[in-house]
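final-v2.txt (compact mmCIF, C-alpha atoms) appears below.
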```txt
# COMPACT_ATOMS: atom_id res chain seq x y z
CA MET A 1 0.00 0.00 0.00
CA SER A 2 1.32 3.44 -0.97
CA THR A 3 1.03 6.73 0.86
CA VAL A 4 -0.65 9.67 -0.84
CA TYR A 5 -0.48 13.09 0.81
CA LEU A 6 -3.30 15.62 0.44
CA ALA A 7 -3.04 19.36 0.95
CA THR A 8 -6.54 20.82 1.07
CA MET A 9 -7.47 24.30 -0.12
CA ARG A 10 -7.90 25.66 3.39
CA THR A 11 -5.15 28.15 4.28
CA THR A 12 -4.21 30.75 6.88
CA PRO A 13 -2.10 33.91 6.67
CA LYS A 14 0.81 31.90 8.09
CA ARG A 15 0.25 28.78 5.96
CA SER A 16 -0.54 29.47 2.31
CA LEU A 17 -1.04 26.98 -0.50
CA LEU A 18 2.56 27.66 -1.52
CA ASN A 19 3.74 26.61 1.95
CA LYS A 20 1.69 23.46 1.55
CA ILE A 21 3.38 22.65 -1.77
CA GLU A 22 6.75 22.82 0.00
CA SER A 23 5.41 20.56 2.75
CA LEU A 24 4.08 18.04 0.24
CA LEU A 25 7.45 17.80 -1.47
CA LYS A 26 9.21 17.25 1.84
CA ARG A 27 6.69 14.62 2.95
CA THR A 28 7.33 12.61 -0.23
CA GLY A 29 11.00 12.44 0.76
CA ILE A 30 12.34 14.73 -1.93
CA ASN A 31 15.29 15.63 0.31
CA THR A 32 16.63 12.09 -0.09
CA ILE A 33 15.32 11.43 -3.62
CA LEU A 34 17.26 14.34 -5.12
CA GLN A 35 21.05 14.56 -4.90
CA ARG A 36 23.13 17.72 -5.13
CA ASN A 37 23.90 19.00 -8.67
CA GLU A 38 21.26 16.79 -10.29
CA LEU A 39 19.39 18.01 -13.36
CA VAL A 40 15.75 17.82 -12.29
CA ALA A 41 13.03 17.80 -14.96
CA ILE A 42 9.80 19.36 -13.73
CA LYS A 43 7.30 17.92 -16.21
CA LEU A 44 4.16 19.99 -16.71
CA HIS A 45 1.72 21.16 -19.38
CA PHE A 46 2.19 24.81 -20.36
CA GLY A 47 -1.37 25.07 -21.69
CA GLU A 48 -2.58 25.75 -25.21
CA GLN A 49 -3.09 29.36 -26.33
CA GLY A 50 -6.52 30.40 -25.09
CA ASN A 51 -6.67 27.73 -22.39
CA THR A 52 -7.08 29.06 -18.85
CA ALA A 53 -7.11 25.89 -16.72
CA TYR A 54 -3.36 25.19 -16.79
CA LEU A 55 -1.44 25.47 -13.52
CA ARG A 56 -0.37 28.86 -12.21
CA PRO A 57 3.30 29.68 -12.83
CA LEU A 58 3.69 30.60 -9.15
CA PHE A 59 3.06 26.96 -8.21
CA LEU A 60 5.90 25.89 -10.48
CA ARG A 61 8.21 28.56 -9.10
CA THR A 62 7.60 27.22 -5.60
CA ILE A 63 8.55 23.71 -6.75
CA ALA A 64 11.64 24.99 -8.59
CA GLU A 65 12.81 27.05 -5.61
CA THR A 66 12.37 24.05 -3.29
CA VAL A 67 14.50 21.96 -5.67
CA LYS A 68 17.18 24.66 -5.78
CA THR A 69 17.48 24.70 -1.99
CA LEU A 70 18.71 21.10 -2.29
CA GLY A 71 21.55 22.18 -4.57
CA CYS A 72 19.89 20.82 -7.72
CA LYS A 73 19.32 22.37 -11.14
CA PRO A 74 15.62 22.33 -12.05
CA PHE A 75 14.10 23.05 -15.45
CA LEU A 76 10.48 23.13 -16.62
CA THR A 77 9.76 20.86 -19.55
CA ASP A 78 7.10 19.51 -21.87
CA THR A 79 7.12 17.87 -25.30
CA ASN A 80 5.72 19.15 -28.58
CA THR A 81 2.23 18.07 -29.55
CA LEU A 82 1.32 15.65 -32.31
CA TYR A 83 -1.62 17.71 -33.54
CA VAL A 84 -1.39 21.14 -35.13
CA GLY A 85 -1.67 23.91 -32.54
CA SER A 86 0.36 26.50 -30.66
CA ARG A 87 2.77 23.89 -29.24
CA SER A 88 3.58 21.72 -32.28
CA ASP A 89 7.18 22.94 -32.57
CA ALA A 90 9.64 24.14 -29.94
CA VAL A 91 9.62 27.77 -31.08
CA MET A 92 5.84 28.18 -30.89
CA HIS A 93 5.79 26.07 -27.75
CA LEU A 94 8.16 28.46 -25.96
CA HIS A 95 6.18 31.46 -27.21
CA THR A 96 3.01 29.88 -25.81
CA ALA A 97 4.63 29.01 -22.49
CA ILE A 98 5.92 32.56 -22.03
CA GLN A 99 2.60 34.05 -23.11
CA ASN A 100 0.92 31.89 -20.46
CA GLY A 101 3.23 33.29 -17.79
CA PHE A 102 6.05 30.74 -17.62
CA GLY A 103 8.94 33.09 -18.39
CA PHE A 104 12.21 32.78 -16.45
CA SER A 105 11.44 35.84 -14.34
CA ALA A 106 8.18 34.24 -13.19
CA VAL A 107 9.25 30.64 -12.58
CA GLY A 108 12.91 31.11 -11.63
CA CYS A 109 14.34 28.36 -13.83
CA PRO A 110 14.90 27.61 -17.53
CA LEU A 111 12.32 26.18 -19.91
CA VAL A 112 13.42 23.23 -22.05
CA ILE A 113 11.17 21.78 -24.74
CA ALA A 114 11.96 18.07 -24.66
CA GLY A 115 12.27 16.13 -27.90
CA GLY A 116 13.93 18.86 -29.94
CA LEU A 117 12.76 21.47 -32.40
CA ARG A 118 10.17 19.30 -34.13
CA GLY A 119 9.63 16.62 -31.51
CA LYS A 120 11.66 13.84 -33.08
CA ASN A 121 14.70 13.63 -30.76
CA GLY A 122 13.93 10.56 -28.70
CA VAL A 123 15.38 7.42 -27.20
CA ARG A 124 13.86 4.00 -27.84
CA ILE A 125 13.42 2.48 -24.40
CA PRO A 126 12.88 -1.31 -24.26
CA ILE A 127 9.83 -2.24 -22.17
CA ASP A 128 8.04 -5.48 -21.43
CA GLY A 129 4.51 -4.31 -22.07
CA GLU A 130 1.38 -6.26 -22.84
CA VAL A 131 0.92 -4.27 -26.06
CA LEU A 132 4.27 -2.57 -26.74
CA LYS A 133 7.91 -3.61 -26.49
CA GLU A 134 9.46 -0.15 -26.73
CA ALA A 135 8.60 3.43 -25.86
CA ILE A 136 10.04 6.42 -27.71
CA ILE A 137 10.76 8.95 -24.97
CA ALA A 138 12.04 12.52 -25.43
CA LYS A 139 15.80 12.58 -24.98
CA GLU A 140 15.84 15.35 -22.37
CA ILE A 141 13.45 13.38 -20.15
CA VAL A 142 15.68 10.32 -20.43
CA GLU A 143 18.85 12.30 -19.68
CA ALA A 144 17.44 14.10 -16.63
CA ASP A 145 18.62 12.72 -13.30
CA SER A 146 15.28 13.04 -11.53
CA LEU A 147 11.68 13.79 -12.43
CA ILE A 148 8.94 15.79 -10.74
CA VAL A 149 5.65 15.24 -12.58
CA VAL A 150 3.25 18.11 -11.97
CA SER A 151 -0.22 17.50 -13.40
CA HIS A 152 -3.42 19.50 -13.66
CA PHE A 153 -5.95 16.78 -12.81
CA LYS A 154 -8.97 16.84 -15.10
CA ALA A 155 -11.26 14.74 -17.28
CA HIS A 156 -10.08 13.48 -20.66
CA GLU A 157 -12.03 12.45 -23.72
CA LEU A 158 -9.88 9.36 -24.48
CA SER A 159 -8.70 8.15 -21.07
CA GLY A 160 -11.57 9.30 -18.84
CA PHE A 161 -9.22 11.37 -16.70
CA GLY A 162 -5.75 12.80 -17.06
CA GLY A 163 -3.22 12.86 -14.24
CA ALA A 164 0.27 11.58 -13.51
CA LEU A 165 0.07 8.50 -15.75
CA LYS A 166 -1.04 10.51 -18.77
CA ASN A 167 1.50 13.26 -18.09
CA LEU A 168 4.17 10.57 -18.08
CA GLY A 169 2.99 8.38 -20.95
CA MET A 170 1.73 10.86 -23.50
CA GLY A 171 3.54 13.90 -22.13
CA CYS A 172 7.05 12.42 -22.24
CA ALA A 173 6.75 10.80 -25.67
CA THR A 174 8.18 12.14 -28.92
CA ARG A 175 5.84 12.91 -31.80
CA GLU A 176 6.37 9.39 -33.14
CA GLY A 177 5.59 7.96 -29.71
CA LYS A 178 2.40 9.99 -29.47
CA LEU A 179 1.30 8.70 -32.87
CA VAL A 180 1.93 5.10 -31.76
CA GLN A 181 -0.44 5.65 -28.85
CA HIS A 182 -3.16 7.43 -30.80
CA SER A 183 -3.31 5.53 -34.06
CA THR A 184 -2.79 2.15 -35.71
CA VAL A 185 -2.45 3.48 -39.25
CA ALA A 186 -0.50 6.12 -41.18
CA PRO A 187 -1.60 9.76 -41.30
CA LYS A 188 -3.95 10.73 -44.12
CA VAL A 189 -3.85 13.59 -46.62
CA ASN A 190 -6.82 15.92 -47.03
CA PRO A 191 -7.00 16.40 -50.82
CA LYS A 192 -9.05 19.58 -50.43
CA THR A 193 -6.23 21.28 -48.52
CA CYS A 194 -3.11 19.73 -50.08
CA ARG A 195 -1.32 21.92 -52.65
CA GLY A 196 1.17 19.32 -53.84
CA CYS A 197 4.08 21.47 -52.63
CA GLU A 198 6.23 18.39 -51.84
CA THR A 199 7.44 19.71 -48.47
CA CYS A 200 6.39 16.44 -46.84
CA LEU A 201 8.42 14.46 -49.39
CA ALA A 202 11.60 16.23 -48.34
CA TYR A 203 11.08 15.40 -44.67
CA CYS A 204 9.77 11.82 -44.92
CA PRO A 205 12.57 9.50 -43.67
CA ALA A 206 10.98 6.45 -45.32
CA ALA A 207 10.31 7.95 -48.77
CA ALA A 208 6.72 6.85 -48.23
CA ILE A 209 5.12 9.92 -49.83
CA SER A 210 4.63 10.77 -53.48
CA VAL A 211 2.61 13.42 -55.31
CA GLN A 212 -0.04 12.19 -57.70
CA ASP A 213 -2.21 14.65 -59.62
CA THR A 214 -1.03 17.56 -57.41
CA THR A 215 -1.96 15.73 -54.18
CA ALA A 216 0.36 13.97 -51.73
CA VAL A 217 -0.22 10.25 -51.23
CA ILE A 218 1.13 8.27 -48.25
CA ARG A 219 1.94 4.61 -48.78
CA GLN A 220 0.54 2.82 -45.74
CA ASP A 221 2.95 -0.11 -46.07
CA ALA A 222 6.05 2.13 -46.07
CA CYS A 223 5.06 4.73 -43.45
CA LEU A 224 7.13 4.59 -40.24
CA GLY A 225 4.56 6.51 -38.23
CA CYS A 226 7.01 9.23 -37.18
CA GLY A 227 4.49 12.07 -37.67
CA GLU A 228 7.08 14.34 -39.30
CA CYS A 229 4.81 15.10 -42.26
CA ILE A 230 2.07 16.33 -39.93
CA ALA A 231 4.44 18.84 -38.37
CA VAL A 232 6.04 20.24 -41.53
CA CYS A 233 3.03 20.59 -43.87
CA PRO A 234 2.60 24.35 -44.42
CA TYR A 235 -1.07 23.91 -45.32
CA LYS A 236 -2.02 21.60 -42.42
CA ALA A 237 -3.25 19.08 -44.97
CA ILE A 238 -1.90 15.93 -43.30
CA GLU A 239 -4.05 14.63 -40.49
CA ILE A 240 -3.86 12.06 -37.71
CA GLN A 241 -6.29 9.17 -37.96
CA TRP A 242 -7.58 9.02 -34.39
CA ASN A 243 -8.62 5.39 -34.66
CA GLU A 244 -7.28 3.75 -31.51
CA SER A 245 -9.90 2.40 -29.10
CA PRO A 246 -10.01 4.07 -25.65
CA ASP A 247 -9.19 0.77 -23.91
CA LEU A 248 -6.08 0.06 -25.98
CA PHE A 249 -5.09 3.73 -25.95
CA GLN A 250 -5.00 3.68 -22.15
CA LYS A 251 -2.85 0.55 -22.10
CA LYS A 252 -0.39 2.03 -24.59
CA MET A 253 -0.27 5.26 -22.60
CA VAL A 254 0.50 3.40 -19.38
CA GLU A 255 3.22 1.37 -21.07
CA TYR A 256 4.78 4.61 -22.32
CA ALA A 257 4.69 5.82 -18.71
CA LEU A 258 6.67 2.70 -17.86
CA GLY A 259 9.25 3.71 -20.47
CA ALA A 260 9.40 7.31 -19.25
CA LEU A 261 10.12 6.16 -15.69
CA LYS A 262 12.70 3.54 -16.61
CA GLY A 263 15.83 4.23 -14.57
CA LYS A 264 13.98 6.81 -12.45
CA GLU A 265 11.60 4.53 -10.59
CA THR A 266 13.05 5.73 -7.26
CA LYS A 267 13.94 9.20 -8.53
CA SER A 268 10.47 10.58 -9.24
CA VAL A 269 7.74 12.47 -7.39
CA PHE A 270 4.18 13.11 -8.56
CA LEU A 271 1.89 16.03 -7.72
CA ASN A 272 -1.70 16.26 -8.95
CA PHE A 273 -3.45 19.62 -8.67
CA LEU A 274 -7.18 19.07 -8.20
CA LEU A 275 -7.98 22.68 -9.04
CA GLN A 276 -10.37 23.83 -11.77
CA VAL A 277 -11.08 20.18 -12.63
CA SER A 278 -12.16 20.75 -16.22
CA PRO A 279 -14.18 18.34 -18.40
CA ALA A 280 -11.50 18.07 -21.09
CA CYS A 281 -7.76 18.28 -21.53
CA ASP A 282 -5.65 21.48 -21.49
CA CYS A 283 -4.73 20.94 -25.15
CA TYR A 284 -7.86 22.82 -26.25
CA PRO A 285 -7.77 26.60 -26.86
CA ASN A 286 -10.47 27.04 -24.20
CA SER A 287 -11.38 25.77 -20.75
CA ASP A 288 -14.93 24.82 -19.84
CA ALA A 289 -16.35 25.29 -16.34
CA PRO A 290 -14.93 23.00 -13.61
CA ILE A 291 -17.09 19.99 -12.76
CA VAL A 292 -16.40 19.92 -8.99
CA ARG A 293 -15.11 22.38 -6.41
CA ASP A 294 -11.38 22.89 -5.94
CA ILE A 295 -10.16 20.07 -3.69
CA GLY A 296 -6.42 20.51 -3.20
CA ILE A 297 -3.13 18.88 -4.19
CA THR A 298 -2.17 15.21 -3.93
CA ALA A 299 1.44 13.98 -3.86
CA SER A 300 3.16 10.61 -3.84
CA THR A 301 6.12 8.65 -5.17
CA ASP A 302 3.59 6.22 -6.71
CA PRO A 303 1.92 7.46 -9.94
CA VAL A 304 -0.85 4.85 -9.81
CA ALA A 305 -1.75 5.62 -6.20
CA VAL A 306 -1.72 9.39 -6.70
CA ASP A 307 -4.09 9.05 -9.67
CA ALA A 308 -6.32 6.56 -7.85
CA ALA A 309 -6.60 8.86 -4.84
CA SER A 310 -7.27 11.87 -7.07
CA CYS A 311 -10.06 10.00 -8.89
CA ASP A 312 -11.65 9.00 -5.60
CA LEU A 313 -11.45 12.55 -4.27
CA VAL A 314 -13.18 13.96 -7.35
CA ASN A 315 -15.86 11.26 -7.22
CA GLY A 316 -16.28 12.03 -3.53
CA GLU A 317 -17.54 15.52 -4.38
CA GLU A 318 -20.91 16.75 -5.61
CA SER A 319 -20.88 18.00 -9.18
CA ILE A 320 -21.26 21.72 -9.83
CA PRO A 321 -24.51 22.76 -11.57
CA ASN A 322 -24.49 24.18 -15.11
CA THR A 323 -21.35 22.37 -16.27
CA ALA A 324 -20.61 19.66 -18.84
CA ILE A 325 -22.11 17.17 -16.34
CA LYS A 326 -25.76 17.72 -17.24
CA LYS A 327 -27.31 15.91 -14.29
CA MET A 328 -26.46 16.86 -10.73
CA LEU A 329 -24.34 14.07 -9.24
CA ARG A 330 -24.08 13.30 -5.55
CA LYS A 331 -20.95 12.44 -3.59
CA GLY A 332 -19.73 8.98 -4.58
CA GLU A 333 -21.23 9.02 -8.07
CA ASP A 334 -18.88 8.57 -11.04
CA LYS A 335 -18.08 11.96 -12.57
CA TRP A 336 -15.80 10.53 -15.28
CA ARG A 337 -18.46 8.13 -16.60
CA ALA A 338 -21.02 10.94 -16.53
CA LEU A 339 -18.82 12.87 -18.95
CA TYR A 340 -17.60 9.93 -21.06
CA PRO A 341 -19.96 6.94 -20.62
CA ALA A 342 -18.10 4.75 -23.14
CA ILE A 343 -14.71 5.05 -21.43
CA ASP A 344 -13.67 2.74 -18.60
CA TRP A 345 -11.20 5.01 -16.83
CA GLN A 346 -10.25 2.24 -14.40
CA ILE A 347 -8.27 0.55 -17.19
CA GLN A 348 -5.28 2.88 -16.88
CA LEU A 349 -5.10 2.34 -13.12
CA GLY A 350 -5.42 -1.43 -13.41
CA HIS A 351 -2.90 -1.64 -16.23
CA GLY A 352 -0.49 0.61 -14.33
CA GLU A 353 -0.69 -1.80 -11.42
CA LYS A 354 -0.20 -4.78 -13.74
CA MET A 355 2.88 -3.17 -15.32
CA GLY A 356 4.44 -2.63 -11.90
CA LEU A 357 4.16 1.15 -11.89
CA GLY A 358 2.43 1.22 -8.52
CA THR A 359 -0.69 0.18 -6.67
CA ARG A 360 -4.31 1.33 -6.47
CA GLU A 361 -4.23 0.63 -2.73
CA TYR A 362 -3.28 3.75 -0.80
CA THR A 363 -3.39 5.48 2.55
CA LEU A 364 -4.46 9.12 2.34
CA VAL A 365 -2.59 11.43 4.73
CA ARG A 366 -3.92 14.97 5.06
CA ILE A 367 -1.39 17.67 5.88
```
Taking this structure as input, can you express it in the form of structure tokens?
Amino acid sequence: MSTVYLATMRTTPKRSLLNKIESLLKRTGINTILQRNELVAIKLHFGEQGNTAYLRPLFLRTIAETVKTLGCKPFLTDTNTLYVGSRSDAVMHLHTAIQNGFGFSAVGCPLVIAGGLRGKNGVRIPIDGEVLKEAIIAKEIVEADSLIVVSHFKAHELSGFGGALKNLGMGCATREGKLVQHSTVAPKVNPKTCRGCETCLAYCPAAAISVQDTTAVIRQDACLGCGECIAVCPYKAIEIQWNESPDLFQKKMVEYALGALKGKETKSVFLNFLLQVSPACDCYPNSDAPIVRDIGITASTDPVAVDAASCDLVNGEESIPNTAIKKMLRKGEDKWRALYPAIDWQIQLGHGEKMGLGTREYTLVRI
């Protein structure tokens, strides 16, 4: 059984939420987990342009300053997205992060976009998964000495909820790794948008693309699934085929989390912020109303336990009226299923346990 610490939203003038973040880190044993001069990756989501539910930069500064007091060198990091948006390459990603308040002067440490300029700098990590035998993890995540995974806990349209496991599995993967999780087939070309400019041909490492009658064509049998064509198309004509089932998607995501943690199993800490628990992920350019009240922050060295506890805490609340949950739900009723009835969100927790990432059995300690 793992220990999960909970800092509630109640504060006093002498004990703010920032003080509680410091206390959470200390209770997880960060003083012994981190060693002097280590490079510490603080993995977060900087938020899409227009999104307002991402975590406040001040929270991240508090974490970074705590890490620095231990003589370590923290940096904030995230990977580029697979889909087209304001974080699909490192340049736009940094612009978005700074626009959302994560500049050096605000957070007190550098920002590093993991996976390189276009999200293809990764390391193939061997894993013994039920579905996958390797995970393609961003090089900077692999090379970091320690990992602090800081997640905005919310609902998710493919996995039911998104917390530490999703931040690890999807969030630490390269573009190719993200495509592996999301799809079983090659990207497709939208003939209405394609101009036949041949930019994708120049970047395709497998020579799997040709232009026929002024439209790019991708050979399914030759495609490596790297996603490079999606990123470089100037007309946004190459699209992901989002065809993976939610059940298998969750298993792949968890197995990628296994790859992201390889070598850092005892060098990682996980914090879930149960604040503005939104009905969808922070990758959208908007944030809908939160579905439950702000609960607090959970922390653990076990990613499965911290997600399990966070799920239980959300389900232990009444839903807020006039949100994406149409019917008022009482304490104990399943908020995730109310939003996404077809998704069994327990799969990621069960598979995480099966893969040895942690346990769903936990003791909740309030601080």
How close does region 215-282 of chain A get to region 349-361 of chain A? List, as a Markdown table, each residue of region 215-282 of chain A within 8 Å, its nearest atom pair and the distance in Å to one decimal, counting only C-alpha atoms.
```
| residue | atom | partner | partner_atom | distance |
| --- | --- | --- | --- | --- |
| A:Lys251 | CA | A:His351 | CA | 6.3 |
| A:Val254 | CA | A:Gly352 | CA | 5.9 |
| A:Glu255 | CA | A:Met355 | CA | 7.3 |
| A:Leu258 | CA | A:Leu357 | CA | 6.7 |
```
Review point. With only C-alpha atoms as the basis for distance, which of A:Pro205, A:Gly332, A:Pro285, A:Gly160 is at the shortest distance from Asp344 (chain A)?
Key: A:Gly160
Exercise for review: Might you pull out every residue within 10 Å of region 90-96 of chain A, with all atoms listed in the file counted and same-chain residues fewer than 6 positions away left off, and present them as a PyMOL selection string?
Suggested key: chain A and resi 46-50+78-81+102-103+111-119
Write to file, as a CSV table (one decimal), keeping the file's coordinate frame, the residues of the selection just made, with C-alpha atoms.
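Printed below is result01.csv as written:
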```
chain,number,residue,atom,x,y,z
A,46,PHE,CA,2.2,24.8,-20.4
A,47,GLY,CA,-1.4,25.1,-21.7
A,48,GLU,CA,-2.6,25.8,-25.2
A,49,GLN,CA,-3.1,29.4,-26.3
A,50,GLY,CA,-6.5,30.4,-25.1
A,78,ASP,CA,7.1,19.5,-21.9
A,79,THR,CA,7.1,17.9,-25.3
A,80,ASN,CA,5.7,19.2,-28.6
A,81,THR,CA,2.2,18.1,-29.6
A,102,PHE,CA,6.0,30.7,-17.6
A,103,GLY,CA,8.9,33.1,-18.4
A,111,LEU,CA,12.3,26.2,-19.9
A,112,VAL,CA,13.4,23.2,-22.0
A,113,ILE,CA,11.2,21.8,-24.7
A,114,ALA,CA,12.0,18.1,-24.7
A,115,GLY,CA,12.3,16.1,-27.9
A,116,GLY,CA,13.9,18.9,-29.9
A,117,LEU,CA,12.8,21.5,-32.4
A,118,ARG,CA,10.2,19.3,-34.1
A,119,GLY,CA,9.6,16.6,-31.5
```
Exercise for review: Could you give me, as a VMD selection string, the residues that sit within 12 Å of (-5.6, 15.2, -49.2) in the file's coordinates, counting all atoms listed in the file?
Suggested key: chain A and resid 187 to 196 209 to 218 233 235 to 239
Output file for the selection above: C-alpha atoms, as a PDB file, in the frame of the given file:
```pdb
ATOM      1  CA  PRO A 187      -1.600   9.760 -41.300  1.00  0.00           C
ATOM      2  CA  LYS A 188      -3.950  10.730 -44.120  1.00  0.00           C
ATOM      3  CA  VAL A 189      -3.850  13.590 -46.620  1.00  0.00           C
ATOM      4  CA  ASN A 190      -6.820  15.920 -47.030  1.00  0.00           C
ATOM      5  CA  PRO A 191      -7.000  16.400 -50.820  1.00  0.00           C
ATOM      6  CA  LYS A 192      -9.050  19.580 -50.430  1.00  0.00           C
ATOM      7  CA  THR A 193      -6.230  21.280 -48.520  1.00  0.00           C
ATOM      8  CA  CYS A 194      -3.110  19.730 -50.080  1.00  0.00           C
ATOM      9  CA  ARG A 195      -1.320  21.920 -52.650  1.00  0.00           C
ATOM     10  CA  GLY A 196       1.170  19.320 -53.840  1.00  0.00           C
ATOM     11  CA  ILE A 209       5.120   9.920 -49.830  1.00  0.00           C
ATOM     12  CA  SER A 210       4.630  10.770 -53.480  1.00  0.00           C
ATOM     13  CA  VAL A 211       2.610  13.420 -55.310  1.00  0.00           C
ATOM     14  CA  GLN A 212      -0.040  12.190 -57.700  1.00  0.00           C
ATOM     15  CA  ASP A 213      -2.210  14.650 -59.620  1.00  0.00           C
ATOM     16  CA  THR A 214      -1.030  17.560 -57.410  1.00  0.00           C
ATOM     17  CA  THR A 215      -1.960  15.730 -54.180  1.00  0.00           C
ATOM     18  CA  ALA A 216       0.360  13.970 -51.730  1.00  0.00           C
ATOM     19  CA  VAL A 217      -0.220  10.250 -51.230  1.00  0.00           C
ATOM     20  CA  ILE A 218       1.130   8.270 -48.250  1.00  0.00           C
ATOM     21  CA  CYS A 233       3.030  20.590 -43.870  1.00  0.00           C
ATOM     22  CA  TYR A 235      -1.070  23.910 -45.320  1.00  0.00           C
ATOM     23  CA  LYS A 236      -2.020  21.600 -42.420  1.00  0.00           C
ATOM     24  CA  ALA A 237      -3.250  19.080 -44.970  1.00  0.00           C
ATOM     25  CA  ILE A 238      -1.900  15.930 -43.300  1.00  0.00           C
ATOM     26  CA  GLU A 239      -4.050  14.630 -40.490  1.00  0.00           C
TER      27      GLU A 239
END
```
Exercise for review: Find, counting all atoms listed in the file, the residue in A:Trp345, A:Ala7, A:Gln276, A:Gly263 that gets nearest to Ile125 (chain A).
Suggested key: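 For Ile125 (chain A), the nearest of the given residues is A:Gly263.
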Is it possible to dump region 304-322 of chain A as a compact mmCIF listing (two decimals), in the first residue's frame, including just N, CA and C atoms?
```
# COMPACT_ATOMS: atom_id res chain seq x y z
N VAL A 304 0.45 5.51 -9.79
CA VAL A 304 -0.85 4.85 -9.81
C VAL A 304 -1.67 5.27 -8.60
N ALA A 305 -1.05 5.26 -7.44
CA ALA A 305 -1.75 5.62 -6.20
C ALA A 305 -2.20 7.07 -6.22
N VAL A 306 -1.35 7.97 -6.71
CA VAL A 306 -1.72 9.39 -6.70
C VAL A 306 -2.89 9.64 -7.64
N ASP A 307 -2.95 8.91 -8.76
CA ASP A 307 -4.09 9.05 -9.67
C ASP A 307 -5.34 8.40 -9.09
N ALA A 308 -5.18 7.23 -8.46
CA ALA A 308 -6.32 6.56 -7.85
C ALA A 308 -6.95 7.43 -6.76
N ALA A 309 -6.11 8.00 -5.91
CA ALA A 309 -6.60 8.86 -4.84
C ALA A 309 -7.28 10.10 -5.41
N SER A 310 -6.70 10.67 -6.45
CA SER A 310 -7.27 11.87 -7.07
C SER A 310 -8.63 11.57 -7.68
N CYS A 311 -8.76 10.41 -8.33
CA CYS A 311 -10.06 10.00 -8.89
C CYS A 311 -11.10 9.86 -7.79
N ASP A 312 -10.71 9.21 -6.71
CA ASP A 312 -11.65 9.00 -5.60
C ASP A 312 -12.06 10.32 -4.97
N LEU A 313 -11.13 11.25 -4.85
CA LEU A 313 -11.45 12.55 -4.27
C LEU A 313 -12.43 13.32 -5.14
N VAL A 314 -12.24 13.28 -6.45
CA VAL A 314 -13.18 13.96 -7.35
C VAL A 314 -14.55 13.29 -7.27
N ASN A 315 -14.58 11.97 -7.31
CA ASN A 315 -15.86 11.26 -7.22
C ASN A 315 -16.52 11.42 -5.85
N GLY A 316 -15.74 11.80 -4.86
CA GLY A 316 -16.28 12.03 -3.53
C GLY A 316 -16.93 13.39 -3.35
N GLU A 317 -16.93 14.19 -4.41
CA GLU A 317 -17.54 15.52 -4.38
C GLU A 317 -18.88 15.53 -5.12
N GLU A 318 -19.72 16.49 -4.79
CA GLU A 318 -20.91 16.75 -5.61
C GLU A 318 -20.49 17.49 -6.87
N SER A 319 -21.18 17.24 -7.96
CA SER A 319 -20.88 18.00 -9.18
C SER A 319 -21.43 19.41 -9.07
N ILE A 320 -20.83 20.32 -9.81
CA ILE A 320 -21.26 21.72 -9.83
C ILE A 320 -22.36 21.87 -10.89
N PRO A 321 -23.44 22.57 -10.58
CA PRO A 321 -24.51 22.76 -11.57
C PRO A 321 -24.03 23.57 -12.78
N ASN A 322 -24.73 23.41 -13.88
CA ASN A 322 -24.49 24.18 -15.11
C ASN A 322 -23.07 23.97 -15.66
```
